[in-house]
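Trainee: Quick one, final.cif (mmCIF, C-alpha atoms):
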```cif
data_entry
loop_
_atom_site.group_PDB
_atom_site.id
_atom_site.type_symbol
_atom_site.label_atom_id
_atom_site.label_comp_id
_atom_site.auth_asym_id
_atom_site.auth_seq_id
_atom_site.Cartn_x
_atom_site.Cartn_y
_atom_site.Cartn_z
ATOM 1 C CA MET A 200 1.173 -41.706 117.390
ATOM 2 C CA LYS A 201 4.881 -42.308 117.557
ATOM 3 C CA ILE A 202 7.900 -42.294 115.285
ATOM 4 C CA THR A 203 10.382 -45.153 115.123
ATOM 5 C CA LEU A 204 13.734 -45.293 113.389
ATOM 6 C CA LEU A 205 14.262 -48.934 112.432
ATOM 7 C CA THR A 206 17.837 -49.786 111.494
ATOM 8 C CA VAL A 207 19.825 -52.803 110.388
ATOM 9 C CA GLY A 208 22.942 -53.273 112.478
ATOM 10 C CA LYS A 209 24.126 -51.731 115.700
ATOM 11 C CA THR A 210 25.832 -48.383 116.113
ATOM 12 C CA ASP A 211 29.357 -49.101 117.318
ATOM 13 C CA ILE A 212 31.119 -45.848 116.447
ATOM 14 C CA LYS A 213 31.260 -43.854 119.685
ATOM 15 C CA TRP A 214 30.725 -40.351 118.284
ATOM 16 C CA VAL A 215 27.876 -41.551 116.037
ATOM 17 C CA LYS A 216 26.207 -43.219 119.002
ATOM 18 C CA GLU A 217 26.634 -40.132 121.187
ATOM 19 C CA GLY A 218 25.190 -37.879 118.479
ATOM 20 C CA LEU A 219 22.243 -40.195 117.975
ATOM 21 C CA GLU A 220 21.571 -40.289 121.727
ATOM 22 C CA THR A 221 21.629 -36.470 121.833
ATOM 23 C CA TYR A 222 18.905 -36.141 119.206
ATOM 24 C CA VAL A 223 16.850 -39.066 120.525
ATOM 25 C CA SER A 224 16.662 -37.315 123.906
ATOM 26 C CA ARG A 225 15.731 -33.992 122.255
ATOM 27 C CA LEU A 226 13.051 -35.588 120.060
ATOM 28 C CA LYS A 227 11.251 -37.035 123.067
ATOM 29 C CA HIS A 228 10.141 -33.477 123.939
ATOM 30 C CA TYR A 229 8.078 -33.403 120.732
ATOM 31 C CA ILE A 230 6.858 -36.917 120.053
ATOM 32 C CA PRO A 231 7.305 -40.458 121.319
ATOM 33 C CA PHE A 232 10.425 -41.578 119.453
ATOM 34 C CA ALA A 233 12.434 -44.786 119.533
ATOM 35 C CA VAL A 234 15.325 -46.367 117.693
ATOM 36 C CA THR A 235 15.027 -50.101 117.043
ATOM 37 C CA GLU A 236 18.162 -51.899 115.892
ATOM 38 C CA ILE A 237 18.014 -55.217 114.072
ATOM 39 C CA PRO A 238 21.260 -57.128 114.655
ATOM 40 C CA GLU A 239 23.455 -57.594 111.602
ATOM 41 C CA LEU A 240 23.256 -61.022 110.046
ATOM 42 C CA LYS A 241 25.924 -63.514 111.075
ATOM 43 C CA ASN A 242 27.816 -65.926 108.818
ATOM 44 C CA VAL A 243 26.884 -64.232 105.554
ATOM 45 C CA SER A 244 30.182 -64.628 103.711
ATOM 46 C CA ALA A 245 28.680 -67.347 101.501
ATOM 47 C CA LEU A 246 25.600 -65.251 100.664
ATOM 48 C CA GLY A 247 25.221 -62.853 97.764
ATOM 49 C CA ARG A 248 23.936 -59.291 98.061
ATOM 50 C CA GLU A 249 20.369 -60.203 97.106
ATOM 51 C CA GLN A 250 20.268 -63.014 99.660
ATOM 52 C CA ILE A 251 21.502 -60.673 102.373
ATOM 53 C CA LYS A 252 18.876 -58.075 101.411
ATOM 54 C CA GLU A 253 16.167 -60.768 101.483
ATOM 55 C CA LYS A 254 17.177 -61.992 104.951
ATOM 56 C CA GLU A 255 17.420 -58.452 106.311
ATOM 57 C CA GLY A 256 14.081 -57.684 104.659
ATOM 58 C CA GLU A 257 12.402 -60.556 106.490
ATOM 59 C CA LEU A 258 13.658 -59.164 109.795
ATOM 60 C CA ILE A 259 12.459 -55.660 108.925
ATOM 61 C CA LEU A 260 9.010 -56.851 107.841
ATOM 62 C CA ARG A 261 8.537 -58.834 111.062
ATOM 63 C CA LEU A 262 8.827 -55.621 113.082
ATOM 64 C CA LEU A 263 6.302 -53.620 111.055
ATOM 65 C CA LYS A 264 2.643 -53.487 112.003
ATOM 66 C CA PRO A 265 0.052 -53.451 109.200
ATOM 67 C CA GLN A 266 -1.116 -49.975 110.211
ATOM 68 C CA ASP A 267 2.373 -48.412 110.278
ATOM 69 C CA GLU A 268 3.288 -45.803 107.721
ATOM 70 C CA VAL A 269 6.668 -46.988 106.440
ATOM 71 C CA LEU A 270 9.174 -44.590 104.896
ATOM 72 C CA LEU A 271 12.521 -45.833 103.629
ATOM 73 C CA LEU A 272 15.658 -43.747 103.910
ATOM 74 C CA ASP A 273 17.054 -44.515 100.503
ATOM 75 C CA GLU A 274 19.469 -42.837 98.121
ATOM 76 C CA HIS A 275 16.819 -43.007 95.371
ATOM 77 C CA GLY A 276 14.093 -41.422 97.511
ATOM 78 C CA LYS A 277 12.678 -37.920 97.273
ATOM 79 C CA GLU A 278 14.957 -35.160 98.485
ATOM 80 C CA TYR A 279 13.648 -32.366 100.702
ATOM 81 C CA ARG A 280 15.050 -29.159 102.030
ATOM 82 C CA SER A 281 14.680 -29.037 105.819
ATOM 83 C CA VAL A 282 11.635 -26.722 105.688
ATOM 84 C CA GLU A 283 10.002 -28.980 103.071
ATOM 85 C CA PHE A 284 10.659 -32.054 105.192
ATOM 86 C CA ALA A 285 9.068 -30.318 108.191
ATOM 87 C CA LYS A 286 5.952 -29.588 106.120
ATOM 88 C CA PHE A 287 5.902 -33.175 104.811
ATOM 89 C CA LEU A 288 6.176 -34.513 108.352
ATOM 90 C CA GLU A 289 3.544 -32.150 109.728
ATOM 91 C CA ASP A 290 1.137 -33.180 106.949
ATOM 92 C CA ARG A 291 1.741 -36.892 107.620
ATOM 93 C CA ILE A 292 1.208 -36.500 111.344
ATOM 94 C CA SER A 293 -1.943 -34.425 111.056
ATOM 95 C CA ARG A 294 -3.454 -36.387 108.172
ATOM 96 C CA SER A 295 -2.878 -40.013 109.008
ATOM 97 C CA GLY A 296 -2.400 -40.283 112.762
ATOM 98 C CA LYS A 297 -0.547 -43.544 112.073
ATOM 99 C CA ASP A 298 2.724 -44.490 113.677
ATOM 100 C CA ILE A 299 5.542 -43.619 111.285
ATOM 101 C CA VAL A 300 8.479 -45.968 110.865
ATOM 102 C CA PHE A 301 11.550 -44.660 109.053
ATOM 103 C CA VAL A 302 13.778 -47.532 107.939
ATOM 104 C CA ILE A 303 17.528 -47.548 107.316
ATOM 105 C CA GLY A 304 18.572 -50.713 105.516
ATOM 106 C CA GLY A 305 21.852 -52.555 105.594
ATOM 107 C CA ALA A 306 24.878 -51.937 103.417
ATOM 108 C CA TYR A 307 23.172 -53.289 100.274
ATOM 109 C CA GLY A 308 19.849 -51.508 100.660
ATOM 110 C CA PHE A 309 16.353 -52.968 100.734
ATOM 111 C CA SER A 310 14.765 -56.147 99.433
ATOM 112 C CA GLN A 311 11.918 -55.865 96.959
ATOM 113 C CA ALA A 312 9.512 -57.072 99.650
ATOM 114 C CA VAL A 313 10.454 -54.146 101.902
ATOM 115 C CA ARG A 314 10.202 -51.701 98.985
ATOM 116 C CA SER A 315 6.731 -53.065 98.203
ATOM 117 C CA ARG A 316 5.612 -52.604 101.817
ATOM 118 C CA ALA A 317 6.889 -49.024 102.018
ATOM 119 C CA ASP A 318 4.571 -46.047 101.703
ATOM 120 C CA GLY A 319 7.373 -43.893 100.350
ATOM 121 C CA SER A 320 11.066 -43.151 100.467
ATOM 122 C CA LEU A 321 13.248 -40.161 101.034
ATOM 123 C CA SER A 322 16.878 -39.329 100.557
ATOM 124 C CA LEU A 323 18.939 -37.231 102.916
ATOM 125 C CA SER A 324 21.406 -36.340 100.182
ATOM 126 C CA ARG A 325 22.611 -37.318 96.746
ATOM 127 C CA MET A 326 25.798 -38.342 98.546
ATOM 128 C CA THR A 327 26.105 -41.743 100.196
ATOM 129 C CA PHE A 328 26.588 -42.015 103.955
ATOM 130 C CA SER A 329 27.445 -45.093 105.976
ATOM 131 C CA HIS A 330 24.324 -46.729 107.356
ATOM 132 C CA GLN A 331 25.612 -45.932 110.853
ATOM 133 C CA MET A 332 26.220 -42.227 110.225
ATOM 134 C CA VAL A 333 22.878 -41.734 108.536
ATOM 135 C CA ARG A 334 21.117 -42.513 111.839
ATOM 136 C CA THR A 335 22.524 -39.412 113.494
ATOM 137 C CA VAL A 336 22.096 -37.253 110.403
ATOM 138 C CA PHE A 337 18.448 -38.329 110.111
ATOM 139 C CA ALA A 338 17.740 -37.880 113.832
ATOM 140 C CA GLU A 339 19.128 -34.340 113.631
ATOM 141 C CA GLN A 340 16.950 -33.567 110.614
ATOM 142 C CA LEU A 341 13.904 -34.979 112.378
ATOM 143 C CA TYR A 342 14.669 -32.801 115.401
ATOM 144 C CA ARG A 343 15.184 -29.808 113.096
ATOM 145 C CA ALA A 344 11.807 -30.507 111.462
ATOM 146 C CA PHE A 345 10.026 -30.412 114.803
ATOM 147 C CA THR A 346 11.706 -27.142 115.758
ATOM 148 C CA ILE A 347 10.561 -25.692 112.420
ATOM 149 C CA ILE A 348 7.005 -26.959 112.980
ATOM 150 C CA LYS A 349 6.972 -25.407 116.477
ATOM 151 C CA GLY A 350 8.525 -22.130 115.273
ATOM 152 C CA GLU A 351 11.557 -22.532 117.513
ATOM 153 C CA PRO A 352 14.846 -20.776 116.701
ATOM 154 C CA TYR A 353 17.032 -23.834 115.949
ATOM 155 C CA HIS A 354 16.750 -23.570 112.131
ATOM 156 C CA HIS A 355 17.943 -20.413 110.361
ATOM 157 C CA GLU A 356 16.953 -19.356 106.847
#
```
Using the file provided, produce a representation of the structure as structure tokens.
Mentor:
Amino acid sequence: MKITLLTVGKTDIKWVKEGLETYVSRLKHYIPFAVTEIPELKNVSALGREQIKEKEGELILRLLKPQDEVLLLDEHGKEYRSVEFAKFLEDRISRSGKDIVFVIGGAYGFSQAVRSRADGSLSLSRMTFSHQMVRTVFAEQLYRAFTIIKGEPYHHE
């Protein structure tokens, strides 16, 4: 079993990239973890939002395996406290044994096809973050969840 963070677009902000790399390296002590970046679409100025979401959705769907458990990081998803997210993650890992793919969409969100394929969605906050920043925020929360599961002293309540 492994966890993948699938994202649309590259991370080009230095401090975001460095933060993401920090948590990716820490997560590898707990579970096989990878970040897969889908390049941003080119020449989209003539396309509308829905067309962009559809094209990005096709790229996302191509990278998913039928057996993957797919969870969207979406502003309309379920919100968890860190301890609740750790329990959710622990349950998913122990119950399904499937690879888990967390997906961060592009600036306009997800196509209906991607939403239909998803097994669920979660929100990191009621606030909106850039789709670059959310990578690091999510990776930190995933790391925090594993430290909670393992009873390590990273998280304080």
Trainee: What is the distance between atom CA of A:Phe232 and atom CA of A:Ile202, in Å to one decimal?
Mentor: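 Separating atom CA of A:Phe232 from atom CA of A:Ile202 is a distance of 4.9 Å.
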Trainee: Considering only C-alpha atoms, return as JSON, numbers by chain whatever protein or nucleic-acid residues lie within 12 Å of A:Ile212, sequence-local ones (same chain, fewer than 2 positions apart) excluded.
Mentor: {"A": [208, 209, 210, 214, 215, 216, 217, 218, 219, 329, 330, 331, 332, 334, 335]}
Trainee: Identify all residues satisfying the PyMOL selection byres ((chain A and resi 320) around 10) in the given file; provide them as a compact mmCIF listing (two decimals) with C-alpha atoms, keeping the file's coordinate frame.
Mentor:
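Heads up, here's the output in expr.txt:
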```txt
# COMPACT_ATOMS: atom_id res chain seq x y z
CA VAL A 269 6.67 -46.99 106.44
CA LEU A 270 9.17 -44.59 104.90
CA LEU A 271 12.52 -45.83 103.63
CA LEU A 272 15.66 -43.75 103.91
CA ASP A 273 17.05 -44.52 100.50
CA GLU A 274 19.47 -42.84 98.12
CA HIS A 275 16.82 -43.01 95.37
CA GLY A 276 14.09 -41.42 97.51
CA LYS A 277 12.68 -37.92 97.27
CA GLU A 278 14.96 -35.16 98.48
CA PHE A 301 11.55 -44.66 109.05
CA VAL A 302 13.78 -47.53 107.94
CA ARG A 314 10.20 -51.70 98.98
CA ALA A 317 6.89 -49.02 102.02
CA ASP A 318 4.57 -46.05 101.70
CA GLY A 319 7.37 -43.89 100.35
CA LEU A 321 13.25 -40.16 101.03
CA SER A 322 16.88 -39.33 100.56
```
Trainee: May I ask which of the residues A:Glu220, A:Glu356, A:Asp298, A:Asp211 is the closest one to A:Lys264, counting all atoms listed in the file?
Mentor: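 Under the stated criterion, the closest residue is A:Asp298.
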Trainee: Identify which of the residues A:Leu263, A:Leu246, A:Ile237, A:Ala338 lies closest to A:Ile299, counting all atoms listed in the file when measuring atom-to-atom distances.
Mentor: A:Leu263
Trainee: I need the output of the PyMOL selection byres ((chain A and resi 283) around 12) for this file as a list in words; which residues are they?
Mentor: Lys277, Glu278, Tyr279, Arg280, Ser281, Val282, Phe284, Ala285, Lys286, Phe287, Leu288, Glu289, Asp290, Leu321, Gln340, Leu341, Arg343, Ala344, Phe345, Ile347 and Ile348 of chain A
Trainee: Would you save the residues of that selection, restricted to C-alpha atoms, as an mmCIF file, in the frame of the given file?
Mentor:
```cif
data_model
loop_
_atom_site.group_PDB
_atom_site.id
_atom_site.type_symbol
_atom_site.label_atom_id
_atom_site.label_comp_id
_atom_site.auth_asym_id
_atom_site.auth_seq_id
_atom_site.Cartn_x
_atom_site.Cartn_y
_atom_site.Cartn_z
ATOM 1 C CA LYS A 277 12.678 -37.920 97.273
ATOM 2 C CA GLU A 278 14.957 -35.160 98.485
ATOM 3 C CA TYR A 279 13.648 -32.366 100.702
ATOM 4 C CA ARG A 280 15.050 -29.159 102.030
ATOM 5 C CA SER A 281 14.680 -29.037 105.819
ATOM 6 C CA VAL A 282 11.635 -26.722 105.688
ATOM 7 C CA PHE A 284 10.659 -32.054 105.192
ATOM 8 C CA ALA A 285 9.068 -30.318 108.191
ATOM 9 C CA LYS A 286 5.952 -29.588 106.120
ATOM 10 C CA PHE A 287 5.902 -33.175 104.811
ATOM 11 C CA LEU A 288 6.176 -34.513 108.352
ATOM 12 C CA GLU A 289 3.544 -32.150 109.728
ATOM 13 C CA ASP A 290 1.137 -33.180 106.949
ATOM 14 C CA LEU A 321 13.248 -40.161 101.034
ATOM 15 C CA GLN A 340 16.950 -33.567 110.614
ATOM 16 C CA LEU A 341 13.904 -34.979 112.378
ATOM 17 C CA ARG A 343 15.184 -29.808 113.096
ATOM 18 C CA ALA A 344 11.807 -30.507 111.462
ATOM 19 C CA PHE A 345 10.026 -30.412 114.803
ATOM 20 C CA ILE A 347 10.561 -25.692 112.420
ATOM 21 C CA ILE A 348 7.005 -26.959 112.980
#
```
